[in-house]
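Trainee: Got a file for you: query_25.tsv, TSV, C-alpha atoms and all ligand atoms.
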```tsv
chain	number	residue	atom	x	y	z
A	698	MET	CA	-38.87	93.08	24.36
A	699	ILE	CA	-35.54	93.13	26.22
A	700	ARG	CA	-33.71	89.81	25.76
A	701	VAL	CA	-32.10	88.04	28.72
A	702	GLY	CA	-29.37	85.38	28.82
A	703	ILE	CA	-28.48	83.36	31.90
A	704	VAL	CA	-25.02	81.80	32.13
A	705	GLY	CA	-25.00	78.90	34.58
A	706	ALA	CA	-28.78	78.52	34.31
A	707	THR	CA	-28.90	75.02	35.75
A	708	GLY	CA	-27.42	75.87	39.15
A	709	TYR	CA	-29.69	76.84	42.02
A	710	ALA	CA	-29.24	80.60	41.58
A	711	GLY	CA	-29.49	80.30	37.78
A	712	ALA	CA	-32.66	78.21	37.93
A	713	GLU	CA	-34.21	80.75	40.31
A	714	LEU	CA	-33.35	83.45	37.77
A	715	VAL	CA	-35.10	81.39	35.09
A	716	ARG	CA	-38.21	81.19	37.30
A	717	LEU	CA	-38.29	84.94	37.95
A	718	ILE	CA	-37.47	86.05	34.40
A	719	ALA	CA	-40.13	83.67	33.02
A	720	GLY	CA	-42.73	85.63	35.01
A	721	HIS	CA	-41.33	89.07	34.16
A	722	PRO	CA	-43.64	91.27	32.07
A	723	ASP	CA	-40.96	93.33	30.27
A	724	VAL	CA	-38.14	90.93	29.39
A	725	SER	CA	-37.90	87.52	27.76
A	726	LEU	CA	-35.49	84.63	28.19
A	727	THR	CA	-33.46	83.86	25.08
A	728	VAL	CA	-30.34	81.96	26.21
A	729	LEU	CA	-29.64	79.44	28.97
A	730	THR	CA	-26.13	78.02	29.28
A	731	SER	CA	-24.76	74.90	30.95
A	732	ARG	CA	-21.84	72.56	30.26
A	733	GLN	CA	-23.26	69.37	31.75
A	734	TYR	CA	-26.70	69.79	30.16
A	735	ALA	CA	-25.84	71.44	26.84
A	736	GLY	CA	-28.39	70.37	24.21
A	737	GLU	CA	-30.97	69.29	26.79
A	738	PRO	CA	-34.32	71.00	27.39
A	739	PHE	CA	-34.31	73.06	30.61
A	740	GLU	CA	-37.63	71.47	31.57
A	741	LYS	CA	-35.95	68.05	31.59
A	742	ILE	CA	-33.45	69.20	34.24
A	743	TYR	CA	-36.11	70.96	36.30
A	744	PRO	CA	-39.41	69.12	35.61
A	745	ALA	CA	-41.29	71.82	37.54
A	746	MET	CA	-40.70	73.94	34.44
A	747	LYS	CA	-42.51	71.49	32.12
A	748	GLY	CA	-44.59	73.50	29.69
A	749	VAL	CA	-43.27	76.74	31.20
A	750	ILE	CA	-39.74	77.04	29.80
A	751	GLY	CA	-39.30	75.95	26.18
A	752	LEU	CA	-35.56	76.64	25.84
A	753	ASP	CA	-32.74	74.11	25.53
A	754	CYS	CA	-29.47	74.64	27.38
A	755	GLU	CA	-26.44	75.51	25.28
A	756	LEU	CA	-22.71	75.78	25.79
A	757	TYR	CA	-21.47	79.25	26.63
A	758	ASP	CA	-20.34	81.00	23.48
A	759	LYS	CA	-19.57	84.70	23.69
A	760	ASP	CA	-20.61	85.58	20.13
A	761	SER	CA	-23.80	83.56	20.34
A	762	ILE	CA	-24.93	85.02	23.66
A	763	CYS	CA	-24.03	88.56	22.56
A	764	SER	CA	-26.15	88.18	19.43
A	765	LYS	CA	-29.14	86.80	21.36
A	766	ALA	CA	-29.25	88.78	24.62
A	767	ASP	CA	-29.19	92.40	25.80
A	768	VAL	CA	-28.84	91.68	29.50
A	769	ILE	CA	-26.67	88.84	30.78
A	770	PHE	CA	-26.76	87.29	34.24
A	771	LEU	CA	-23.75	85.25	35.30
A	772	ALA	CA	-24.70	82.61	37.88
A	773	LEU	CA	-21.33	80.86	37.89
A	774	PRO	CA	-18.80	79.96	40.59
A	775	HIS	CA	-16.43	82.85	41.35
A	776	LYS	CA	-13.27	83.14	39.21
A	777	LEU	CA	-15.13	82.38	35.95
A	778	PRO	CA	-17.04	85.69	35.61
A	779	MET	CA	-13.88	87.81	35.73
A	780	ALA	CA	-12.82	86.07	32.50
A	781	PHE	CA	-16.22	86.44	30.77
A	782	VAL	CA	-17.25	89.97	31.74
A	783	PRO	CA	-14.74	92.11	29.76
A	784	ASP	CA	-15.95	90.74	26.39
A	785	LEU	CA	-19.61	91.12	27.34
A	786	LEU	CA	-19.11	94.77	28.30
A	787	LYS	CA	-17.13	95.44	25.09
A	788	ASN	CA	-20.19	94.18	23.22
A	789	GLY	CA	-22.39	96.73	24.98
A	790	LYS	CA	-24.20	94.29	27.28
A	791	LYS	CA	-25.60	95.02	30.71
A	792	VAL	CA	-24.08	92.43	33.06
A	793	ILE	CA	-25.17	91.28	36.50
A	794	ASP	CA	-22.72	88.89	38.13
A	795	LEU	CA	-23.97	86.81	41.04
A	796	SER	CA	-20.50	85.67	42.10
A	797	ALA	CA	-18.07	87.59	44.32
A	798	ASP	CA	-15.85	88.68	41.40
A	799	PHE	CA	-17.25	92.22	41.09
A	800	ARG	CA	-18.51	92.85	44.63
A	801	PHE	CA	-15.38	94.45	46.08
A	802	SER	CA	-14.11	97.92	45.34
A	803	ASP	CA	-10.68	97.11	46.80
A	804	PRO	CA	-8.97	94.39	44.69
A	805	ALA	CA	-6.61	93.54	47.57
A	806	LYS	CA	-9.58	92.60	49.75
A	807	TYR	CA	-10.98	90.37	46.99
A	808	GLU	CA	-7.61	88.73	46.41
A	809	ALA	CA	-7.05	88.13	50.14
A	810	ALA	CA	-10.39	86.28	50.36
A	811	TYR	CA	-10.54	84.60	46.91
A	812	GLN	CA	-7.75	84.52	44.29
A	813	PRO	CA	-5.84	86.87	42.00
A	814	HIS	CA	-8.23	89.08	40.02
A	815	THR	CA	-7.63	89.20	36.26
A	816	SER	CA	-10.07	92.06	35.56
A	817	LYS	CA	-9.17	94.43	38.39
A	818	ASP	CA	-9.58	97.45	36.14
A	819	LEU	CA	-13.34	96.77	36.00
A	820	LEU	CA	-13.81	96.90	39.79
A	821	SER	CA	-13.92	100.69	39.73
A	822	GLN	CA	-16.83	100.64	37.28
A	823	SER	CA	-18.80	97.79	38.86
A	824	VAL	CA	-21.48	98.75	41.39
A	825	TYR	CA	-22.27	96.74	44.52
A	826	GLY	CA	-25.83	95.63	43.88
A	827	LEU	CA	-27.44	96.10	47.26
A	828	SER	CA	-30.53	97.45	45.56
A	829	GLU	CA	-32.02	99.60	48.35
A	830	VAL	CA	-28.71	101.21	49.33
A	831	PHE	CA	-26.94	101.86	46.03
A	832	THR	CA	-29.99	102.53	43.83
A	833	ASP	CA	-28.63	105.68	42.20
A	834	GLN	CA	-25.32	104.08	41.24
A	835	ILE	CA	-27.09	100.94	39.95
A	836	LYS	CA	-29.26	103.11	37.66
A	837	ASN	CA	-26.19	104.14	35.69
A	838	ALA	CA	-24.25	100.87	35.86
A	839	ASP	CA	-23.38	98.47	33.05
A	840	LEU	CA	-21.86	96.02	35.51
A	841	VAL	CA	-23.34	95.05	38.87
A	842	GLY	CA	-21.67	92.77	41.41
A	843	ASN	CA	-24.69	91.19	43.07
A	844	PRO	CA	-24.18	90.89	46.85
A	845	GLY	CA	-23.66	87.66	48.73
A	846	CYS	CA	-26.66	86.24	50.57
A	847	TYR	CA	-25.19	86.58	54.09
A	848	PRO	CA	-24.01	90.16	53.45
A	849	THR	CA	-27.51	91.09	52.19
A	850	SER	CA	-29.10	89.76	55.38
A	851	VAL	CA	-26.55	91.48	57.64
A	852	ILE	CA	-26.00	94.84	55.90
A	853	LEU	CA	-29.67	95.72	55.24
A	854	PRO	CA	-30.66	95.89	58.95
A	855	LEU	CA	-27.42	97.60	60.04
A	856	TYR	CA	-26.93	100.19	57.30
A	857	PRO	CA	-29.51	102.80	58.43
A	858	LEU	CA	-28.34	102.62	62.06
A	859	LEU	CA	-24.69	103.04	61.06
A	860	LYS	CA	-25.59	105.92	58.79
A	861	SER	CA	-27.34	107.59	61.73
A	862	ASP	CA	-24.29	106.89	63.93
A	863	LEU	CA	-26.36	104.96	66.49
A	864	ILE	CA	-24.11	101.90	66.78
A	865	ASP	CA	-20.62	101.24	68.15
A	866	VAL	CA	-19.10	99.39	65.17
A	867	THR	CA	-16.45	97.71	67.32
A	868	THR	CA	-19.19	95.59	68.93
A	869	LEU	CA	-20.86	94.07	65.86
A	870	ILE	CA	-21.70	90.35	65.97
A	871	ALA	CA	-23.70	88.53	63.28
A	872	ASP	CA	-24.97	85.03	64.04
A	873	SER	CA	-26.35	83.81	60.69
A	874	LYS	CA	-28.04	80.65	59.44
A	875	SER	CA	-28.61	79.41	55.91
A	876	GLY	CA	-30.54	76.66	54.20
A	877	ALA	CA	-28.48	74.12	52.24
A	878	SER	CA	-29.20	75.59	48.79
A	879	GLY	CA	-26.75	78.35	49.75
A	880	ALA	CA	-23.98	75.87	48.93
A	881	GLY	CA	-25.20	75.34	45.35
A	882	ARG	CA	-26.39	72.25	43.48
A	883	SER	CA	-23.14	70.29	43.24
A	884	LEU	CA	-23.10	67.14	45.33
A	885	SER	CA	-21.13	67.34	48.54
A	886	LEU	CA	-21.02	65.40	51.77
A	887	THR	CA	-21.63	68.52	53.87
A	888	THR	CA	-25.09	69.07	52.35
A	889	HIS	CA	-26.01	65.36	52.06
A	890	ILE	CA	-29.47	64.82	53.60
A	891	CYS	CA	-28.13	62.36	56.19
A	892	GLU	CA	-25.50	64.85	57.30
A	893	ILE	CA	-27.84	67.80	57.79
A	894	THR	CA	-31.24	66.51	58.93
A	895	GLU	CA	-31.65	66.35	62.71
A	896	SER	CA	-28.54	68.49	62.92
A	897	PHE	CA	-27.58	72.13	63.29
A	898	LYS	CA	-24.03	73.39	63.20
A	899	ALA	CA	-21.75	76.35	62.69
A	900	TYR	CA	-19.19	76.17	59.88
A	901	LYS	CA	-16.23	78.17	58.58
A	902	VAL	CA	-15.89	79.57	62.10
A	903	THR	CA	-12.31	80.76	61.47
A	904	GLY	CA	-13.33	82.92	58.52
A	905	HIS	CA	-16.07	82.91	55.88
A	906	ARG	CA	-15.51	84.79	52.61
A	907	HIS	CA	-18.61	86.89	53.11
A	908	LYS	CA	-17.06	88.63	56.14
A	909	PRO	CA	-14.66	90.90	54.21
A	910	GLU	CA	-17.54	91.81	51.86
A	911	MET	CA	-19.62	92.93	54.85
A	912	ASP	CA	-16.67	94.73	56.43
A	913	GLU	CA	-15.96	96.72	53.26
A	914	VAL	CA	-19.54	97.99	52.84
A	915	LEU	CA	-20.13	98.62	56.55
A	916	ALA	CA	-16.80	100.47	56.90
A	917	ALA	CA	-17.74	102.81	54.06
A	918	VAL	CA	-20.95	103.89	55.81
A	919	ALA	CA	-19.43	103.91	59.31
A	920	GLY	CA	-16.47	105.98	58.13
A	921	LYS	CA	-14.03	103.74	59.98
A	922	PRO	CA	-12.69	100.17	59.70
A	923	VAL	CA	-15.14	97.41	60.61
A	924	ASP	CA	-14.19	93.92	61.79
A	925	ILE	CA	-17.52	92.18	62.35
A	926	THR	CA	-17.68	88.86	64.20
A	927	PHE	CA	-19.59	86.69	61.75
A	928	ILE	CA	-20.43	83.02	62.32
A	929	PRO	CA	-22.50	81.17	59.68
A	930	HIS	CA	-24.58	78.07	60.46
A	931	LEU	CA	-26.14	75.41	58.26
A	932	LEU	CA	-29.87	74.84	58.69
A	933	PRO	CA	-31.55	71.53	57.82
A	934	MET	CA	-33.83	73.09	55.21
A	935	SER	CA	-33.49	73.87	51.51
A	936	ARG	CA	-33.92	77.65	51.33
A	937	GLY	CA	-34.05	80.53	53.78
A	938	MET	CA	-31.58	82.61	55.76
A	939	GLU	CA	-31.75	84.30	59.16
A	940	SER	CA	-29.26	86.69	60.74
A	941	THR	CA	-29.40	87.70	64.38
A	942	ILE	CA	-27.16	90.71	64.85
A	943	TYR	CA	-25.93	92.13	68.16
A	944	ALA	CA	-24.49	95.61	68.67
A	945	ASN	CA	-23.93	98.13	71.44
A	946	LEU	CA	-25.71	101.44	70.98
A	947	LYS	CA	-23.79	104.70	71.29
A	948	LYS	CA	-26.58	106.15	73.44
A	949	ARG	CA	-29.79	104.90	75.00
A	950	VAL	CA	-32.63	105.14	72.47
A	951	THR	CA	-36.32	104.29	72.42
A	952	PRO	CA	-37.88	101.64	70.17
A	953	ASP	CA	-39.60	104.45	68.27
A	954	GLU	CA	-36.26	106.08	67.43
A	955	ILE	CA	-34.98	102.83	65.93
A	956	GLN	CA	-38.26	102.20	64.15
A	957	ASN	CA	-38.22	105.72	62.69
A	958	CYS	CA	-34.59	105.45	61.59
A	959	LEU	CA	-35.32	102.23	59.68
A	960	ALA	CA	-38.67	103.45	58.31
A	961	GLU	CA	-37.20	106.69	57.03
A	962	PHE	CA	-34.25	105.02	55.32
A	963	TYR	CA	-36.43	102.36	53.69
A	964	SER	CA	-39.47	104.55	52.99
A	965	ASP	CA	-39.52	103.92	49.23
A	966	CYS	CA	-38.38	100.30	49.34
A	967	PRO	CA	-41.07	97.77	48.41
A	968	PHE	CA	-39.05	94.73	49.48
A	969	ILE	CA	-38.12	95.82	53.01
A	970	ARG	CA	-40.72	94.95	55.64
A	971	LEU	CA	-40.17	96.33	59.13
A	972	TYR	CA	-41.51	94.57	62.21
A	973	ASP	CA	-42.56	96.28	65.43
A	974	HIS	CA	-40.21	96.25	68.42
A	975	GLY	CA	-39.90	92.79	69.97
A	976	ILE	CA	-41.45	90.84	67.09
A	977	ALA	CA	-39.20	88.12	65.70
A	978	THR	CA	-38.86	87.51	61.96
A	979	ASP	CA	-39.35	84.08	60.34
A	980	THR	CA	-37.81	82.63	57.18
A	981	ALA	CA	-41.16	80.99	56.31
A	982	ASN	CA	-42.66	84.43	55.70
A	983	VAL	CA	-40.22	85.33	52.91
A	984	ARG	CA	-39.89	81.94	51.22
A	985	GLY	CA	-39.89	82.33	47.42
A	986	THR	CA	-40.13	86.14	47.71
A	987	ASN	CA	-37.77	89.09	47.34
A	988	PHE	CA	-38.62	90.46	50.80
A	989	CYS	CA	-36.15	91.17	53.55
A	990	ASP	CA	-38.03	91.26	56.85
A	991	ILE	CA	-36.29	93.18	59.64
A	992	GLY	CA	-37.08	93.09	63.36
A	993	PHE	CA	-35.30	94.36	66.47
A	994	VAL	CA	-35.35	94.33	70.25
A	995	LEU	CA	-33.71	96.73	72.71
A	996	GLU	CA	-32.45	94.78	75.69
A	997	LYS	CA	-33.96	96.15	78.89
A	998	GLY	CA	-31.50	98.11	81.02
A	999	LYS	CA	-28.67	97.72	78.50
A	1000	ASP	CA	-27.41	99.91	75.70
A	1001	ARG	CA	-27.67	96.99	73.31
A	1002	ILE	CA	-29.78	96.23	70.26
A	1003	VAL	CA	-30.47	92.83	68.76
A	1004	MET	CA	-31.63	92.89	65.14
A	1005	MET	CA	-33.16	90.03	63.19
A	1006	SER	CA	-33.42	89.75	59.45
A	1007	VAL	CA	-34.71	87.02	57.14
A	1008	ILE	CA	-34.43	86.54	53.39
A	1009	ASP	CA	-34.80	83.71	50.91
A	1010	ASN	CA	-31.13	83.13	50.05
A	1011	LEU	CA	-32.04	82.26	46.44
A	1012	VAL	CA	-34.31	85.29	45.92
A	1013	LYS	CA	-33.34	88.46	47.85
A	1014	GLY	CA	-30.01	86.73	48.54
A	1015	ALA	CA	-29.32	86.03	44.84
A	1016	ALA	CA	-31.68	85.88	41.83
A	1017	GLY	CA	-34.43	88.20	43.10
A	1018	GLN	CA	-32.03	90.99	44.01
A	1019	ALA	CA	-30.32	90.45	40.62
A	1020	VAL	CA	-33.66	90.94	38.83
A	1021	GLN	CA	-34.37	93.99	41.02
A	1022	ASN	CA	-30.98	95.37	39.92
A	1023	MET	CA	-31.78	94.67	36.27
A	1024	ASN	CA	-35.06	96.57	36.68
A	1025	ILE	CA	-33.22	99.54	38.20
A	1026	MET	CA	-30.53	99.45	35.46
A	1027	LEU	CA	-33.14	99.40	32.70
A	1028	GLY	CA	-35.42	102.03	34.26
A	1029	LEU	CA	-38.25	99.51	34.70
A	1030	ASP	CA	-40.55	99.29	37.70
A	1031	GLU	CA	-38.24	98.03	40.48
A	1032	SER	CA	-40.76	95.32	41.43
A	1033	ALA	CA	-41.43	93.99	37.93
A	1034	GLY	CA	-41.34	90.20	37.93
A	1035	LEU	CA	-40.93	90.13	41.71
A	1036	ASN	CA	-44.48	90.55	42.92
A	1037	ALA	CA	-45.16	86.94	43.93
A	1038	VAL	CA	-47.48	86.84	46.91
A	1039	PRO	CA	-45.83	85.00	49.85
A	1040	TYR	CA	-47.03	81.55	50.88
A	1041	PRO	CA	-49.24	81.96	53.98
A	1042	LEU	CA	-47.55	78.90	55.54
B	1	LIG	N1	-26.93	79.49	46.14
B	1	LIG	C1	-27.12	80.67	46.73
B	1	LIG	O1	-27.91	80.81	47.67
B	1	LIG	C2	-26.36	81.88	46.24
B	1	LIG	C3	-26.63	83.12	46.85
B	1	LIG	C4	-25.93	84.26	46.43
B	1	LIG	C5	-24.97	84.15	45.43
B	1	LIG	N2	-24.71	82.93	44.89
B	1	LIG	C6	-23.67	82.87	43.85
B	1	LIG	O2	-24.24	82.49	42.62
B	1	LIG	C7	-23.28	81.74	41.86
B	1	LIG	C8	-23.94	80.41	41.49
B	1	LIG	O3	-24.24	79.72	42.69
B	1	LIG	P1	-25.15	78.42	42.74
B	1	LIG	O4	-25.46	78.22	44.17
B	1	LIG	O5	-26.25	78.54	41.77
B	1	LIG	O6	-24.11	77.32	42.24
B	1	LIG	P2	-24.40	75.93	41.51
B	1	LIG	O7	-25.76	75.45	41.90
B	1	LIG	O8	-23.23	75.08	41.79
B	1	LIG	O9	-24.44	76.32	39.96
B	1	LIG	C9	-23.30	76.72	39.24
B	1	LIG	C10	-23.64	76.86	37.77
B	1	LIG	O10	-22.46	77.22	37.05
B	1	LIG	C11	-22.23	76.28	35.97
B	1	LIG	N3	-20.77	76.08	35.86
B	1	LIG	C12	-19.97	75.56	36.78
B	1	LIG	N4	-18.68	75.56	36.35
B	1	LIG	C13	-18.71	76.11	35.12
B	1	LIG	C14	-17.70	76.39	34.15
B	1	LIG	N5	-16.40	76.09	34.38
B	1	LIG	N6	-18.04	76.99	32.99
B	1	LIG	C15	-19.32	77.30	32.75
B	1	LIG	N7	-20.34	77.03	33.64
B	1	LIG	C16	-20.02	76.45	34.81
B	1	LIG	C17	-22.98	75.03	36.38
B	1	LIG	O11	-23.48	74.29	35.29
B	1	LIG	P3	-22.56	73.31	34.44
B	1	LIG	O12	-21.68	72.60	35.43
B	1	LIG	O13	-23.53	72.45	33.72
B	1	LIG	O14	-21.80	74.21	33.53
B	1	LIG	C18	-24.18	75.60	37.13
B	1	LIG	O15	-25.20	75.95	36.19
B	1	LIG	C19	-22.06	81.56	42.76
B	1	LIG	O16	-21.08	82.49	42.43
B	1	LIG	C20	-22.61	81.83	44.15
B	1	LIG	O17	-21.63	82.33	45.04
B	1	LIG	C21	-25.39	81.80	45.24
```
Using structure tokens, write down the structure that the file contains.
Mentor:
Amino acid sequence: MIRVGIVGATGYAGAELVRLIAGHPDVSLTVLTSRQYAGEPFEKIYPAMKGVIGLDCELYDKDSICSKADVIFLALPHKLPMAFVPDLLKNGKKVIDLSADFRFSDPAKYEAAYQPHTSKDLLSQSVYGLSEVFTDQIKNADLVGNPGCYPTSVILPLYPLLKSDLIDVTTLIADSKSGASGAGRSLSLTTHICEITESFKAYKVTGHRHKPEMDEVLAAVAGKPVDITFIPHLLPMSRGMESTIYANLKKRVTPDEIQNCLAEFYSDCPFIRLYDHGIATDTANVRGTNFCDIGFVLEKGKDRIVMMSVIDNLVKGAAGQAVQNMNIMLGLDESAGLNAVPYPL
């Protein structure tokens, strides 16, 4: 059995990884780390896991985790993974980092959005873990930079249309909304229940860190610089993410042409579900699953497309895509551990 360690297991993304790995048929959980809860049973922190997860949390120790795990997920705030990853790779581990530290191929872009990078040399060997798009590179990777949740929801619908040169990239606008778990488990006034219920607002309107990540990946497929207009919003719910994306088309097309372009690109992709023209997507339909549902509408009389995509930010937007990447890296069935049937309501 392949052994899995999760660093930062008590955060929202880490706990979701615990849930998914616990139900995985081919791997087993061996290490869970946390500073605040070191020595405590995981099931005490998340009582839903009572009788399901028998492990205690432990402090991160490189030698200990390397002796007990073959694959290591890092579900830590950015800046920490860049310090941990070099040693893990030297010890022959497969590493999937959920932070932004290994998502960028251009260190200058990372440093402009985050902070100085202390493991820049590893950026050329890390693979951007958008599972459906970079599958072949992920197969051979030891280090995957798992995508951000907003970039996942924005890039997946756009990528096939950019690849087919159907869209004018100078006109891209993404209007995105996330549930509050996207901000992590730490207490903060901005995600306090009284601040977000009966409320809906945009935030970081002058620049969110996920924008340069989207720009870098979209520019590579478009073959020219991309400067998307991206405005995130906070939804009064715990999990779920929706992106409504507007773009001008380079030529007038039929709904069938768009449908075929998406269907062809995602033909072997079990987690992409395509909706018919004019049918809106809904976060409720992907809750707790690794699906990304994609819909679109062509505006009558205009050369403009509006795309809609929904994911669960903690699953396809974080832990689920990370498990999908692990499956691809290990040559397992891509869907292993990710086959939960969606809630009907
Ligand atoms: N939430 C999402 O929807 C989402 C989506 C995509 C990607 N991500 C990424 O996933 C990562 C985790 O996000 P999250 O939302 O799960 O955050 P979180 O709920 O705040 O959890 C962070 C985890 O890291 C641990 N940690 C914090 N500081 C640490 C330190 N100095 N040393 C060791 N461990 C430390 C925390 O536990 P202790 O404090 O007990 O150590 C906790 O387990 C982030 O990089 C985030 O950008 C999150």
Trainee: Output as JSON lines one row per residue of chain A within 6 Å of ligand LIG 1 (chain B): the closest atom pair and its distance in Å to one decimal place, counting all atoms listed in the file, sorted by chain and residue number ascending.
Mentor:
```
{"residue": "A:Gly705", "atom": "CA", "partner": "B:LIG1", "partner_atom": "O15", "distance": 3.4}
{"residue": "A:Ala706", "atom": "CA", "partner": "B:LIG1", "partner_atom": "O15", "distance": 4.8}
{"residue": "A:Thr707", "atom": "CA", "partner": "B:LIG1", "partner_atom": "O15", "distance": 3.8}
{"residue": "A:Gly708", "atom": "CA", "partner": "B:LIG1", "partner_atom": "O9", "distance": 3.1}
{"residue": "A:Tyr709", "atom": "CA", "partner": "B:LIG1", "partner_atom": "O5", "distance": 3.8}
{"residue": "A:Ala710", "atom": "CA", "partner": "B:LIG1", "partner_atom": "O5", "distance": 3.6}
{"residue": "A:Gly711", "atom": "CA", "partner": "B:LIG1", "partner_atom": "O5", "distance": 5.4}
{"residue": "A:Ser731", "atom": "CA", "partner": "B:LIG1", "partner_atom": "O13", "distance": 3.9}
{"residue": "A:Arg732", "atom": "CA", "partner": "B:LIG1", "partner_atom": "O14", "distance": 3.7}
{"residue": "A:Gln733", "atom": "CA", "partner": "B:LIG1", "partner_atom": "O13", "distance": 3.7}
{"residue": "A:Tyr734", "atom": "CA", "partner": "B:LIG1", "partner_atom": "O13", "distance": 5.5}
{"residue": "A:Ala772", "atom": "CA", "partner": "B:LIG1", "partner_atom": "C8", "distance": 4.3}
{"residue": "A:Leu773", "atom": "CA", "partner": "B:LIG1", "partner_atom": "O10", "distance": 3.9}
{"residue": "A:Pro774", "atom": "CA", "partner": "B:LIG1", "partner_atom": "O16", "distance": 3.9}
{"residue": "A:His775", "atom": "CA", "partner": "B:LIG1", "partner_atom": "O16", "distance": 4.8}
{"residue": "A:Leu795", "atom": "CA", "partner": "B:LIG1", "partner_atom": "O2", "distance": 4.6}
{"residue": "A:Ser796", "atom": "CA", "partner": "B:LIG1", "partner_atom": "O16", "distance": 3.2}
{"residue": "A:Gly845", "atom": "CA", "partner": "B:LIG1", "partner_atom": "C4", "distance": 4.7}
{"residue": "A:Cys846", "atom": "CA", "partner": "B:LIG1", "partner_atom": "C4", "distance": 4.6}
{"residue": "A:Ser878", "atom": "CA", "partner": "B:LIG1", "partner_atom": "N1", "distance": 5.2}
{"residue": "A:Gly879", "atom": "CA", "partner": "B:LIG1", "partner_atom": "O1", "distance": 3.4}
{"residue": "A:Ala880", "atom": "CA", "partner": "B:LIG1", "partner_atom": "N1", "distance": 5.4}
{"residue": "A:Gly881", "atom": "CA", "partner": "B:LIG1", "partner_atom": "O4", "distance": 3.1}
{"residue": "A:Arg882", "atom": "CA", "partner": "B:LIG1", "partner_atom": "O7", "distance": 3.6}
{"residue": "A:Ser883", "atom": "CA", "partner": "B:LIG1", "partner_atom": "O8", "distance": 5.0}
{"residue": "A:Asn1010", "atom": "CA", "partner": "B:LIG1", "partner_atom": "O1", "distance": 4.6}
{"residue": "A:Leu1011", "atom": "CA", "partner": "B:LIG1", "partner_atom": "O1", "distance": 4.5}
{"residue": "A:Gly1014", "atom": "CA", "partner": "B:LIG1", "partner_atom": "C4", "distance": 5.2}
{"residue": "A:Ala1015", "atom": "CA", "partner": "B:LIG1", "partner_atom": "C4", "distance": 4.1}
```
Trainee: Could you list, as a ChimeraX atom specification, every residue within 10 Å of Gly842 in chain A, counting only C-alpha atoms and ignoring same-chain residues fewer than 5 positions away?
Mentor: /A:771,792-802,820,823-827,835,1019,1022
Trainee: Store the residues picked out above, limited to C-alpha atoms, as a PDB file, keeping the file's coordinate frame.
Mentor:
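Result written to again.pdb:
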```pdb
ATOM      1  CA  LEU A 771     -23.750  85.250  35.300  1.00  0.00           C
ATOM      2  CA  VAL A 792     -24.080  92.430  33.060  1.00  0.00           C
ATOM      3  CA  ILE A 793     -25.170  91.280  36.500  1.00  0.00           C
ATOM      4  CA  ASP A 794     -22.720  88.890  38.130  1.00  0.00           C
ATOM      5  CA  LEU A 795     -23.970  86.810  41.040  1.00  0.00           C
ATOM      6  CA  SER A 796     -20.500  85.670  42.100  1.00  0.00           C
ATOM      7  CA  ALA A 797     -18.070  87.590  44.320  1.00  0.00           C
ATOM      8  CA  ASP A 798     -15.850  88.680  41.400  1.00  0.00           C
ATOM      9  CA  PHE A 799     -17.250  92.220  41.090  1.00  0.00           C
ATOM     10  CA  ARG A 800     -18.510  92.850  44.630  1.00  0.00           C
ATOM     11  CA  PHE A 801     -15.380  94.450  46.080  1.00  0.00           C
ATOM     12  CA  SER A 802     -14.110  97.920  45.340  1.00  0.00           C
ATOM     13  CA  LEU A 820     -13.810  96.900  39.790  1.00  0.00           C
ATOM     14  CA  SER A 823     -18.800  97.790  38.860  1.00  0.00           C
ATOM     15  CA  VAL A 824     -21.480  98.750  41.390  1.00  0.00           C
ATOM     16  CA  TYR A 825     -22.270  96.740  44.520  1.00  0.00           C
ATOM     17  CA  GLY A 826     -25.830  95.630  43.880  1.00  0.00           C
ATOM     18  CA  LEU A 827     -27.440  96.100  47.260  1.00  0.00           C
ATOM     19  CA  ILE A 835     -27.090 100.940  39.950  1.00  0.00           C
ATOM     20  CA  ALA A1019     -30.320  90.450  40.620  1.00  0.00           C
ATOM     21  CA  ASN A1022     -30.980  95.370  39.920  1.00  0.00           C
TER      22      ASN A1022
END
```
Trainee: Using all atoms listed in the file, find the one residue out of A:Tyr847, A:Arg984, A:Cys966, A:Val923 that sits nearest to Asp1030 in chain A.
Mentor: A:Cys966
Trainee: In Å, how far is it from CA of Leu785 in chain A to CA of Ile703 in chain A?
Mentor: 12.6 Å
Trainee: List the neighbours of Val994 in chain A out to 10 Å using all atoms listed in the file; skip same-chain residues closer than 6 positions along the sequence, and give me the result as number ranges by chain.
Mentor: A: 943, 952, 955, 973-977, 1001-1005
Trainee: Choose the residue, out of A:Pro854, A:Gly998, A:Pro922, A:Gly985, that has the smallest atom-to-atom separation from Ala1016 in chain A; count only C-alpha atoms.
Mentor: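 The closest residue to Ala1016 in chain A is A:Gly985.
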Trainee: Nearest to Gly992 in chain A among A:Met911, A:Ala1033, A:Leu853, A:Cys763, with distances taken over all atoms listed in the file: which residue is it?
Mentor: A:Leu853
Trainee: Which of these residues is nearest to Glu913 in chain A, using all atoms listed in the file: A:Asp803, A:Asp953, A:Glu737, A:Glu713?
Mentor: A:Asp803
Trainee: If you measure from CA of Leu931 in chain A to CA of Thr887 in chain A, what distance in Å do you get, rounded to one decimal?
Mentor: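 Separation of CA of Leu931 in chain A and CA of Thr887 in chain A: 9.3 Å.
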Trainee: The residues within 9 Å of (-22.1, 100.0, 33.1), using all atoms listed in the file and the coordinates of the file, should be reported as a PyMOL selection string; which are they?
Mentor: chain A and resi 786+789-792+822-824+835+837-841+1026
Trainee: Could you tell me how far CA of Lys765 in chain A sits from CA of Leu717 in chain A, in Å to one decimal place?
Mentor: 19.0 Å
Trainee: Taking 2 positions as the minimum chain separation for residues in the same chain, which residues sit within 7 Å of range 908-910 of chain A when counting all atoms listed in the file? Answer as a list in words.
Mentor: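 The filter keeps Phe801, Lys806, Pro848, His905, Arg906, Asp912, Glu913, Val914 and Phe927 of chain A.
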